[in-house]
>>> print(open('input06.txt').read())   # compact mmCIF, C-alpha atoms and all ligand atoms
# COMPACT_ATOMS: atom_id res chain seq x y z
CA MET A 199 2.37 1.76 2.32
CA ARG A 200 -0.37 2.01 -0.32
CA ILE A 201 0.48 1.35 -3.96
CA LEU A 202 -1.86 1.91 -6.90
CA ILE A 203 -1.26 -0.37 -9.89
CA VAL A 204 -2.61 1.00 -13.15
CA GLU A 205 -2.73 -2.02 -15.43
CA ASP A 206 -5.32 -3.33 -17.88
CA ASP A 207 -3.84 -6.83 -18.14
CA ALA A 208 -5.56 -8.75 -15.36
CA GLY A 209 -2.87 -11.43 -15.28
CA ILE A 210 -0.01 -8.98 -14.80
CA ALA A 211 -2.05 -6.95 -12.31
CA SER A 212 -2.77 -9.97 -10.14
CA PHE A 213 0.87 -11.12 -10.29
CA VAL A 214 2.10 -7.69 -9.15
CA VAL A 215 -0.58 -7.37 -6.47
CA LYS A 216 0.27 -10.77 -5.01
CA GLY A 217 3.97 -10.00 -4.95
CA LEU A 218 3.46 -6.61 -3.30
CA ARG A 219 1.05 -7.97 -0.69
CA ALA A 220 3.52 -10.71 0.16
CA GLU A 221 5.89 -7.86 1.07
CA GLY A 222 3.30 -6.22 3.30
CA TYR A 223 2.30 -3.43 0.92
CA VAL A 224 -1.33 -2.52 0.45
CA ALA A 225 -1.91 -2.77 -3.31
CA LEU A 226 -4.94 -1.75 -5.34
CA VAL A 227 -5.54 -2.05 -9.09
CA ALA A 228 -7.13 0.40 -11.50
CA GLY A 229 -7.78 -1.16 -14.91
CA ASN A 230 -7.91 2.11 -16.83
CA ALA A 231 -6.66 5.69 -16.60
CA PRO A 232 -9.92 7.44 -15.61
CA ASP A 233 -10.38 5.08 -12.64
CA ALA A 234 -6.76 5.65 -11.65
CA GLU A 235 -7.19 9.41 -11.89
CA ARG A 236 -10.23 9.27 -9.62
CA HIS A 237 -8.29 7.21 -7.09
CA LEU A 238 -5.33 9.59 -7.15
CA LEU A 239 -7.33 12.80 -6.90
CA HIS A 240 -10.19 11.74 -4.65
CA ALA A 241 -9.21 8.69 -2.60
CA THR A 242 -10.06 9.11 1.07
CA GLU A 243 -6.79 7.39 1.86
CA PRO A 244 -3.87 8.70 -0.15
CA PHE A 245 -1.55 6.45 -2.10
CA ASP A 246 2.22 6.50 -1.60
CA LEU A 247 3.28 5.30 -5.04
CA VAL A 248 1.92 4.42 -8.49
CA LEU A 249 2.98 1.67 -10.90
CA LEU A 250 1.81 2.84 -14.31
CA ASP A 251 1.33 0.84 -17.49
CA LEU A 252 1.51 2.94 -20.67
CA GLY A 253 -0.68 0.95 -23.06
CA LEU A 254 -4.13 1.37 -21.57
CA PRO A 255 -7.56 1.32 -23.25
CA GLY A 256 -8.84 4.87 -23.89
CA MET A 257 -6.68 7.39 -22.09
CA SER A 258 -3.02 6.36 -22.27
CA GLY A 259 -0.61 6.09 -19.38
CA GLU A 260 1.33 9.12 -20.65
CA GLU A 261 -1.80 11.24 -20.71
CA LEU A 262 -2.74 10.13 -17.20
CA LEU A 263 0.77 10.93 -15.99
CA GLN A 264 0.61 14.41 -17.47
CA ARG A 265 -2.87 15.07 -16.08
CA VAL A 266 -2.15 14.00 -12.51
CA ARG A 267 1.18 15.84 -12.38
CA ASN A 268 -0.62 18.96 -13.65
CA ARG A 269 -3.16 18.51 -10.86
CA GLY A 270 -0.43 18.52 -8.24
CA VAL A 271 -0.02 14.79 -7.54
CA THR A 272 3.60 14.52 -6.37
CA ILE A 273 3.88 10.91 -5.19
CA PRO A 274 6.42 8.69 -6.97
CA ILE A 275 5.20 7.19 -10.24
CA ILE A 276 7.08 4.28 -11.79
CA ILE A 277 6.24 3.39 -15.37
CA LEU A 278 5.96 -0.37 -15.85
CA THR A 279 5.65 -1.16 -19.52
CA ALA A 280 6.56 -3.48 -22.39
CA ARG A 281 7.70 -0.44 -24.40
CA THR A 282 11.48 -0.49 -24.41
CA GLY A 283 12.16 2.34 -26.87
CA THR A 284 14.39 5.19 -25.76
CA GLY A 285 11.79 7.68 -27.01
CA ASN A 286 9.16 6.21 -24.67
CA LYS A 287 11.53 6.31 -21.72
CA VAL A 288 12.56 9.90 -22.35
CA ARG A 289 8.95 11.03 -22.78
CA GLY A 290 7.81 9.19 -19.66
CA LEU A 291 10.55 10.62 -17.48
CA ASP A 292 10.08 14.11 -18.93
CA LEU A 293 6.36 13.93 -18.17
CA GLY A 294 7.19 13.41 -14.51
CA ALA A 295 7.71 9.69 -13.95
CA ASN A 296 10.34 8.90 -11.31
CA ASP A 297 11.51 5.68 -12.90
CA TYR A 298 10.90 3.39 -15.85
CA VAL A 299 10.86 -0.40 -15.65
CA THR A 300 10.33 -2.60 -18.70
CA LYS A 301 8.45 -5.90 -18.84
CA PRO A 302 9.45 -8.61 -18.33
CA PHE A 303 11.06 -7.60 -15.06
CA ALA A 304 12.54 -9.35 -12.05
CA PHE A 305 10.29 -8.81 -9.06
CA GLU A 306 13.22 -8.18 -6.73
CA GLU A 307 14.31 -5.34 -8.98
CA LEU A 308 10.83 -3.82 -9.02
CA LEU A 309 10.80 -3.91 -5.21
CA ALA A 310 14.20 -2.22 -5.07
CA ARG A 311 13.04 0.49 -7.46
CA ILE A 312 9.92 1.06 -5.37
CA ARG A 313 12.05 1.49 -2.24
CA SER A 314 14.41 3.79 -4.11
CA ALA A 315 11.61 5.95 -5.55
CA VAL A 316 9.97 6.39 -2.15
CA ARG A 317 13.31 7.13 -0.50
CA SER A 318 14.20 9.88 -2.95
CA SER A 319 10.77 11.49 -3.00
CA ASN A 320 9.88 14.37 -0.74
CA GLN A 321 7.24 12.50 1.17
CA PRO A 322 8.76 12.21 4.64
CA THR A 323 5.34 11.87 6.22
CA SER A 324 4.73 8.55 4.55
CA THR A 325 7.92 6.90 5.74
CA GLU A 326 7.06 6.48 9.38
CA LEU A 327 3.81 6.00 11.25
CA VAL A 328 3.67 6.82 14.94
CA VAL A 329 0.66 6.28 17.20
CA GLY A 330 1.34 6.60 20.91
CA ASP A 331 4.10 4.12 21.77
CA LEU A 332 3.72 2.30 18.42
CA ARG A 333 6.14 3.07 15.62
CA LEU A 334 6.24 1.63 12.10
CA ASP A 335 9.15 2.46 9.83
CA LEU A 336 7.84 1.85 6.33
CA PHE A 337 11.34 1.61 4.79
CA THR A 338 13.26 -0.52 7.17
CA LYS A 339 10.10 -2.50 7.96
CA ILE A 340 10.82 -2.28 11.66
CA ALA A 341 7.87 -2.22 14.02
CA GLN A 342 8.37 -1.09 17.60
CA ARG A 343 6.20 -0.91 20.68
CA ASP A 344 7.52 1.18 23.56
CA GLY A 345 10.99 1.07 22.02
CA VAL A 346 11.09 -2.71 21.60
CA ALA A 347 11.26 -4.12 18.05
CA VAL A 348 8.56 -6.64 17.15
CA GLU A 349 8.83 -9.12 14.25
CA LEU A 350 5.73 -9.10 12.06
CA ALA A 351 4.70 -11.33 9.14
CA PRO A 352 3.61 -9.41 5.99
CA ARG A 353 -0.15 -9.68 6.67
CA GLU A 354 0.33 -8.70 10.29
CA TRP A 355 2.28 -5.70 9.08
CA ALA A 356 -0.44 -4.67 6.61
CA LEU A 357 -3.11 -5.08 9.28
CA LEU A 358 -1.21 -3.03 11.85
CA GLU A 359 -0.49 -0.33 9.27
CA LEU A 360 -4.20 -0.10 8.46
CA PHE A 361 -5.07 0.29 12.16
CA MET A 362 -2.34 2.87 12.65
CA ARG A 363 -3.68 4.95 9.78
CA HIS A 364 -7.04 5.01 11.57
CA PRO A 365 -6.07 4.87 15.23
CA THR A 366 -9.40 6.01 16.65
CA HIS A 367 -11.78 4.43 14.11
CA VAL A 368 -13.66 1.20 14.52
CA LEU A 369 -12.62 -0.92 11.53
CA SER A 370 -15.17 -3.49 10.44
CA ARG A 371 -14.17 -7.03 9.52
CA SER A 372 -15.42 -6.45 5.96
CA ARG A 373 -13.29 -3.34 5.57
CA ILE A 374 -10.24 -5.13 6.95
CA LEU A 375 -10.86 -8.08 4.63
CA ALA A 376 -11.11 -5.70 1.67
CA GLU A 377 -8.00 -3.68 2.53
CA VAL A 378 -5.64 -6.36 3.77
CA TRP A 379 -6.86 -9.50 2.02
CA SER A 380 -8.63 -7.88 -0.97
CA TYR A 381 -11.74 -9.92 -0.35
CA ASP A 382 -14.88 -8.08 -1.38
CA PHE A 383 -16.85 -10.83 0.30
CA ASP A 384 -16.70 -12.48 3.69
CA PRO A 385 -15.01 -15.84 3.16
CA GLY A 386 -16.83 -17.09 6.25
CA SER A 387 -13.64 -17.57 8.19
CA ASN A 388 -12.42 -15.82 11.31
CA VAL A 389 -9.15 -14.81 9.65
CA VAL A 390 -9.44 -11.20 10.87
CA ASP A 391 -9.94 -12.26 14.47
CA VAL A 392 -7.06 -14.70 14.20
CA TYR A 393 -4.69 -12.00 12.93
CA VAL A 394 -5.86 -9.47 15.49
CA GLY A 395 -5.03 -12.16 18.03
CA TYR A 396 -1.52 -12.50 16.61
CA LEU A 397 -0.99 -8.74 16.85
CA ARG A 398 -2.32 -8.64 20.41
CA ARG A 399 0.09 -11.37 21.45
CA LYS A 400 3.02 -9.63 19.82
CA LEU A 401 2.26 -6.06 20.86
CA ASN A 402 0.38 -6.13 24.17
CA ARG A 403 2.67 -6.37 27.15
CA PRO A 404 2.05 -5.94 30.87
CA GLY A 405 2.12 -2.30 31.87
CA LEU A 406 1.20 -1.02 28.39
CA GLU A 407 -2.21 0.06 27.17
CA PRO A 408 -3.97 -3.02 25.68
CA LEU A 409 -4.45 -2.48 21.94
CA PHE A 410 -7.09 -3.84 19.53
CA LYS A 411 -10.29 -3.36 21.42
CA ALA A 412 -13.17 -5.48 20.12
CA VAL A 413 -16.33 -3.43 19.54
CA ARG A 414 -19.27 -5.79 19.60
CA GLY A 415 -20.99 -6.18 16.26
CA ALA A 416 -18.79 -3.51 14.67
CA GLY A 417 -15.17 -4.64 14.50
CA TYR A 418 -11.99 -3.51 16.19
CA ARG A 419 -10.41 -0.26 17.25
CA LEU A 420 -6.68 0.16 17.79
CA ARG A 421 -7.05 2.02 21.10
CA CA B 501 -1.40 -2.63 -21.15
>>> encode(input="input06.txt", output="structure tokens")
Amino acid sequence: MRILIVEDDAGIASFVVKGLRAEGYVALVAGNAPDAERHLLHATEPFDLVLLDLGLPGMSGEELLQRVRNRGVTIPIIILTARTGTGNKVRGLDLGANDYVTKPFAFEELLARIRSAVRSSNQPTSTELVVGDLRLDLFTKIAQRDGVAVELAPREWALLELFMRHPTHVLSRSRILAEVWSYDFDPGSNVVDVYVGYLRRKLNRPGLEPLFKAVRGAGYRLR
């Protein structure tokens, strides 16, 4: 599941990103409203949920909320702000936010509110990914191959989800590093190959199509 964090405070943004990634979510940060708007309206890969700060430089969170709702963005948006006033909450919810969480917050509660917002939204397509005999339930976090449940660590989950969203594409190591590990550089390790190896061991079984085909010099393809 892809979450966009709209937050100008780099410390808070990195705290939230780390926590979400540890849960196997793909999390990206936009530091201001115009960048967030571009992501929401034009991203090649759609987001499933937004965490929205209100106090942003330039265009405010409220204005962004109003603009993207007017442009037909229907994914859940949770306001995450230090503003605790009832007036702010009422305005935010009336402008189309699904929930309102005030800082400081307990991370467990934020996670529960994310699950709740996604559950109650009308986005059934984003709750389960199915590719051939592979099935990922994005709520229950259950992965299955050919009907058999497979336990995945958070990074393995994020990597498999990325492949399942692009089942026929060759994904380069640099793209995988950027999407799953948020590295915009190659750390010079073989971490991608190591994790692909973990997924192969967990998901490839005799009698089933071998997944994660290496494409020389290019990367990997799911099938
Ligand atoms: Ca702020």
>>> atom_distance(input="input06.txt", atom1="atom CA of A:Asp206", atom2="atom CA of A:Arg373")
24.8 Å
>>> residues_around(input="input06.txt", residues="A:Ala356", least_positions_apart="2", cutoff="10 Å", atoms="all atoms listed in the file", output="list in words")
Met199, Arg200, Arg219, Ala220, Glu221, Gly222, Tyr223, Val224, Leu350, Ala351, Pro352, Arg353, Glu354, Leu358, Glu359, Leu360, Phe361, Met362, Ile374, Glu377, Val378 and Trp379 of chain A
>>> residues_around(input="input06.txt", residues="A:Val214", least_positions_apart="6", cutoff="9 Å", atoms="only C-alpha atoms", output="ChimeraX atom specification")
/A:203,225,305
>>> residues_around(input="input06.txt", residues="A:Ser370", least_positions_apart="6", cutoff="9 Å", atoms="only C-alpha atoms", output="list of chain:residue names")
A:Gly415, A:Ala416, A:Gly417, A:Tyr418, A:Arg419
>>> atom_distance(input="input06.txt", atom1="atom CA of A:Arg269", atom2="atom CA of A:Leu252")
19.0 Å
>>> residues_near_ligand(input="input06.txt", ligand="ligand CA 501 (chain B)", cutoff="7 Å", atoms="all atoms listed in the file", output="list in words")
Glu205, Asp206, Asp207, Asp251, Leu252, Gly253 and Leu254 of chain A
>>> write_last_selection(input="input06.txt", atoms="C-alpha atoms", output="short mmCIF file (atom, residue, chain, number, x, y, z; two decimals), keeping the file's coordinate frame")
data_model
loop_
_atom_site.label_atom_id
_atom_site.label_comp_id
_atom_site.auth_asym_id
_atom_site.auth_seq_id
_atom_site.Cartn_x
_atom_site.Cartn_y
_atom_site.Cartn_z
CA GLU A 205 -2.73 -2.02 -15.43
CA ASP A 206 -5.32 -3.33 -17.88
CA ASP A 207 -3.84 -6.83 -18.14
CA ASP A 251 1.33 0.84 -17.49
CA LEU A 252 1.51 2.94 -20.67
CA GLY A 253 -0.68 0.95 -23.06
CA LEU A 254 -4.13 1.37 -21.57
#
>>> atom_distance(input="input06.txt", atom1="atom CA of A:Ile277", atom2="atom CA of A:Arg289")
11.0 Å
>>> residues_near_point(input="input06.txt", point="(-6.8, -1.8, -11.3)", cutoff="12 Å", atoms="only C-alpha atoms", output="ChimeraX atom specification")
/A:201-212,214-215,225-237,248-251,254
>>> write_last_selection(input="input06.txt", atoms="C-alpha atoms", output="CSV table (one decimal), in the frame of the given file")
chain,number,residue,atom,x,y,z
A,201,ILE,CA,0.5,1.4,-4.0
A,202,LEU,CA,-1.9,1.9,-6.9
A,203,ILE,CA,-1.3,-0.4,-9.9
A,204,VAL,CA,-2.6,1.0,-13.2
A,205,GLU,CA,-2.7,-2.0,-15.4
A,206,ASP,CA,-5.3,-3.3,-17.9
A,207,ASP,CA,-3.8,-6.8,-18.1
A,208,ALA,CA,-5.6,-8.8,-15.4
A,209,GLY,CA,-2.9,-11.4,-15.3
A,210,ILE,CA,0.0,-9.0,-14.8
A,211,ALA,CA,-2.0,-7.0,-12.3
A,212,SER,CA,-2.8,-10.0,-10.1
A,214,VAL,CA,2.1,-7.7,-9.2
A,215,VAL,CA,-0.6,-7.4,-6.5
A,225,ALA,CA,-1.9,-2.8,-3.3
A,226,LEU,CA,-4.9,-1.8,-5.3
A,227,VAL,CA,-5.5,-2.0,-9.1
A,228,ALA,CA,-7.1,0.4,-11.5
A,229,GLY,CA,-7.8,-1.2,-14.9
A,230,ASN,CA,-7.9,2.1,-16.8
A,231,ALA,CA,-6.7,5.7,-16.6
A,232,PRO,CA,-9.9,7.4,-15.6
A,233,ASP,CA,-10.4,5.1,-12.6
A,234,ALA,CA,-6.8,5.6,-11.6
A,235,GLU,CA,-7.2,9.4,-11.9
A,236,ARG,CA,-10.2,9.3,-9.6
A,237,HIS,CA,-8.3,7.2,-7.1
A,248,VAL,CA,1.9,4.4,-8.5
A,249,LEU,CA,3.0,1.7,-10.9
A,250,LEU,CA,1.8,2.8,-14.3
A,251,ASP,CA,1.3,0.8,-17.5
A,254,LEU,CA,-4.1,1.4,-21.6
>>> residues_around(input="input06.txt", residues="stretch 324-328 of chain A", least_positions_apart="2", cutoff="8 Å", atoms="all atoms listed in the file", output="count of residues only")
15
>>> residues_around(input="input06.txt", residues="A:Val316", least_positions_apart="3", cutoff="8 Å", atoms="all atoms listed in the file", output="PyMOL selection string")
chain A and resi 246-247+274+312-313+319+321
>>> residues_near_point(input="input06.txt", point="(5.8, 11.8, -12.3)", cutoff="9 Å", atoms="all atoms listed in the file", output="list in words")
Leu263, Gln264, Val266, Arg267, Val271, Thr272, Ile273, Pro274, Ile275, Ile276, Ile277, Gly290, Leu291, Asp292, Leu293, Gly294, Ala295, Asn296 and Asp297 of chain A
>>> write_last_selection(input="input06.txt", atoms="C-alpha atoms", output="PDB file, keeping the file's coordinate frame")
ATOM      1  CA  LEU A 263       0.770  10.930 -15.990  1.00  0.00           C
ATOM      2  CA  GLN A 264       0.610  14.410 -17.470  1.00  0.00           C
ATOM      3  CA  VAL A 266      -2.150  14.000 -12.510  1.00  0.00           C
ATOM      4  CA  ARG A 267       1.180  15.840 -12.380  1.00  0.00           C
ATOM      5  CA  VAL A 271      -0.020  14.790  -7.540  1.00  0.00           C
ATOM      6  CA  THR A 272       3.600  14.520  -6.370  1.00  0.00           C
ATOM      7  CA  ILE A 273       3.880  10.910  -5.190  1.00  0.00           C
ATOM      8  CA  PRO A 274       6.420   8.690  -6.970  1.00  0.00           C
ATOM      9  CA  ILE A 275       5.200   7.190 -10.240  1.00  0.00           C
ATOM     10  CA  ILE A 276       7.080   4.280 -11.790  1.00  0.00           C
ATOM     11  CA  ILE A 277       6.240   3.390 -15.370  1.00  0.00           C
ATOM     12  CA  GLY A 290       7.810   9.190 -19.660  1.00  0.00           C
ATOM     13  CA  LEU A 291      10.550  10.620 -17.480  1.00  0.00           C
ATOM     14  CA  ASP A 292      10.080  14.110 -18.930  1.00  0.00           C
ATOM     15  CA  LEU A 293       6.360  13.930 -18.170  1.00  0.00           C
ATOM     16  CA  GLY A 294       7.190  13.410 -14.510  1.00  0.00           C
ATOM     17  CA  ALA A 295       7.710   9.690 -13.950  1.00  0.00           C
ATOM     18  CA  ASN A 296      10.340   8.900 -11.310  1.00  0.00           C
ATOM     19  CA  ASP A 297      11.510   5.680 -12.900  1.00  0.00           C
TER      20      ASP A 297
END
>>> build_atoms(input="input06.txt", residues="stretch 282-293 of chain A", atoms="all heavy atoms", output="mmCIF file, in the frame of the given file")
data_model
loop_
_atom_site.group_PDB
_atom_site.id
_atom_site.type_symbol
_atom_site.label_atom_id
_atom_site.label_comp_id
_atom_site.auth_asym_id
_atom_site.auth_seq_id
_atom_site.Cartn_x
_atom_site.Cartn_y
_atom_site.Cartn_z
ATOM 1 N N THR A 282 10.068 -0.612 -24.800
ATOM 2 C CA THR A 282 11.480 -0.490 -24.410
ATOM 3 C C THR A 282 12.194 0.644 -25.149
ATOM 4 O O THR A 282 13.363 0.881 -24.905
ATOM 5 C CB THR A 282 12.225 -1.804 -24.715
ATOM 6 O OG1 THR A 282 12.046 -2.094 -26.105
ATOM 7 C CG2 THR A 282 11.671 -2.956 -23.895
ATOM 8 N N GLY A 283 11.496 1.324 -26.056
ATOM 9 C CA GLY A 283 12.160 2.340 -26.870
ATOM 10 C C GLY A 283 12.658 3.519 -26.045
ATOM 11 O O GLY A 283 12.031 3.924 -25.075
ATOM 12 N N THR A 284 13.824 4.039 -26.460
ATOM 13 C CA THR A 284 14.390 5.190 -25.760
ATOM 14 C C THR A 284 13.427 6.369 -25.765
ATOM 15 O O THR A 284 13.295 7.098 -24.777
ATOM 16 C CB THR A 284 15.724 5.598 -26.417
ATOM 17 O OG1 THR A 284 16.579 4.469 -26.373
ATOM 18 C CG2 THR A 284 16.375 6.759 -25.692
ATOM 19 N N GLY A 285 12.733 6.569 -26.907
ATOM 20 C CA GLY A 285 11.790 7.680 -27.010
ATOM 21 C C GLY A 285 10.705 7.599 -25.948
ATOM 22 O O GLY A 285 10.338 8.602 -25.331
ATOM 23 N N ASN A 286 10.193 6.380 -25.709
ATOM 24 C CA ASN A 286 9.160 6.210 -24.670
ATOM 25 C C ASN A 286 9.711 6.549 -23.303
ATOM 26 O O ASN A 286 9.046 7.199 -22.488
ATOM 27 C CB ASN A 286 8.667 4.758 -24.645
ATOM 28 C CG ASN A 286 7.836 4.411 -25.866
ATOM 29 O OD1 ASN A 286 8.288 3.693 -26.738
ATOM 30 N ND2 ASN A 286 6.649 4.966 -25.939
ATOM 31 N N LYS A 287 10.943 6.068 -23.047
ATOM 32 C CA LYS A 287 11.530 6.310 -21.720
ATOM 33 C C LYS A 287 11.728 7.799 -21.485
ATOM 34 O O LYS A 287 11.381 8.325 -20.422
ATOM 35 C CB LYS A 287 12.887 5.591 -21.608
ATOM 36 C CG LYS A 287 12.751 4.087 -21.569
ATOM 37 C CD LYS A 287 14.114 3.420 -21.423
ATOM 38 C CE LYS A 287 13.949 1.905 -21.552
ATOM 39 N NZ LYS A 287 15.205 1.193 -21.704
ATOM 40 N N VAL A 288 12.292 8.474 -22.498
ATOM 41 C CA VAL A 288 12.560 9.900 -22.350
ATOM 42 C C VAL A 288 11.258 10.664 -22.126
ATOM 43 O O VAL A 288 11.146 11.508 -21.224
ATOM 44 C CB VAL A 288 13.299 10.442 -23.599
ATOM 45 C CG1 VAL A 288 13.362 11.962 -23.580
ATOM 46 C CG2 VAL A 288 14.699 9.842 -23.665
ATOM 47 N N ARG A 289 10.227 10.323 -22.911
ATOM 48 C CA ARG A 289 8.950 11.030 -22.780
ATOM 49 C C ARG A 289 8.347 10.792 -21.391
ATOM 50 O O ARG A 289 7.895 11.716 -20.723
ATOM 51 C CB ARG A 289 7.990 10.581 -23.883
ATOM 52 C CG ARG A 289 6.809 11.504 -24.080
ATOM 53 C CD ARG A 289 6.166 11.361 -25.453
ATOM 54 N NE ARG A 289 5.903 9.972 -25.800
ATOM 55 C CZ ARG A 289 6.484 9.318 -26.794
ATOM 56 N NH1 ARG A 289 7.372 9.933 -27.562
ATOM 57 N NH2 ARG A 289 6.193 8.056 -27.042
ATOM 58 N N GLY A 290 8.386 9.522 -20.964
ATOM 59 C CA GLY A 290 7.810 9.190 -19.660
ATOM 60 C C GLY A 290 8.497 9.933 -18.529
ATOM 61 O O GLY A 290 7.845 10.509 -17.647
ATOM 62 N N LEU A 291 9.816 9.942 -18.557
ATOM 63 C CA LEU A 291 10.550 10.620 -17.480
ATOM 64 C C LEU A 291 10.337 12.131 -17.557
ATOM 65 O O LEU A 291 10.178 12.799 -16.533
ATOM 66 C CB LEU A 291 12.045 10.267 -17.558
ATOM 67 C CG LEU A 291 12.358 8.780 -17.278
ATOM 68 C CD1 LEU A 291 13.804 8.449 -17.637
ATOM 69 C CD2 LEU A 291 12.070 8.411 -15.829
ATOM 70 N N ASP A 292 10.299 12.662 -18.789
ATOM 71 C CA ASP A 292 10.080 14.110 -18.930
ATOM 72 C C ASP A 292 8.672 14.518 -18.487
ATOM 73 O O ASP A 292 8.449 15.649 -18.063
ATOM 74 C CB ASP A 292 10.317 14.543 -20.379
ATOM 75 C CG ASP A 292 11.797 14.688 -20.685
ATOM 76 O OD1 ASP A 292 12.603 14.667 -19.725
ATOM 77 O OD2 ASP A 292 12.154 14.803 -21.865
ATOM 78 N N LEU A 293 7.724 13.610 -18.595
ATOM 79 C CA LEU A 293 6.360 13.930 -18.170
ATOM 80 C C LEU A 293 6.210 13.846 -16.649
ATOM 81 O O LEU A 293 5.151 14.146 -16.106
ATOM 82 C CB LEU A 293 5.350 12.982 -18.825
ATOM 83 C CG LEU A 293 5.053 13.230 -20.307
ATOM 84 C CD1 LEU A 293 4.151 12.134 -20.859
ATOM 85 C CD2 LEU A 293 4.408 14.592 -20.502
#
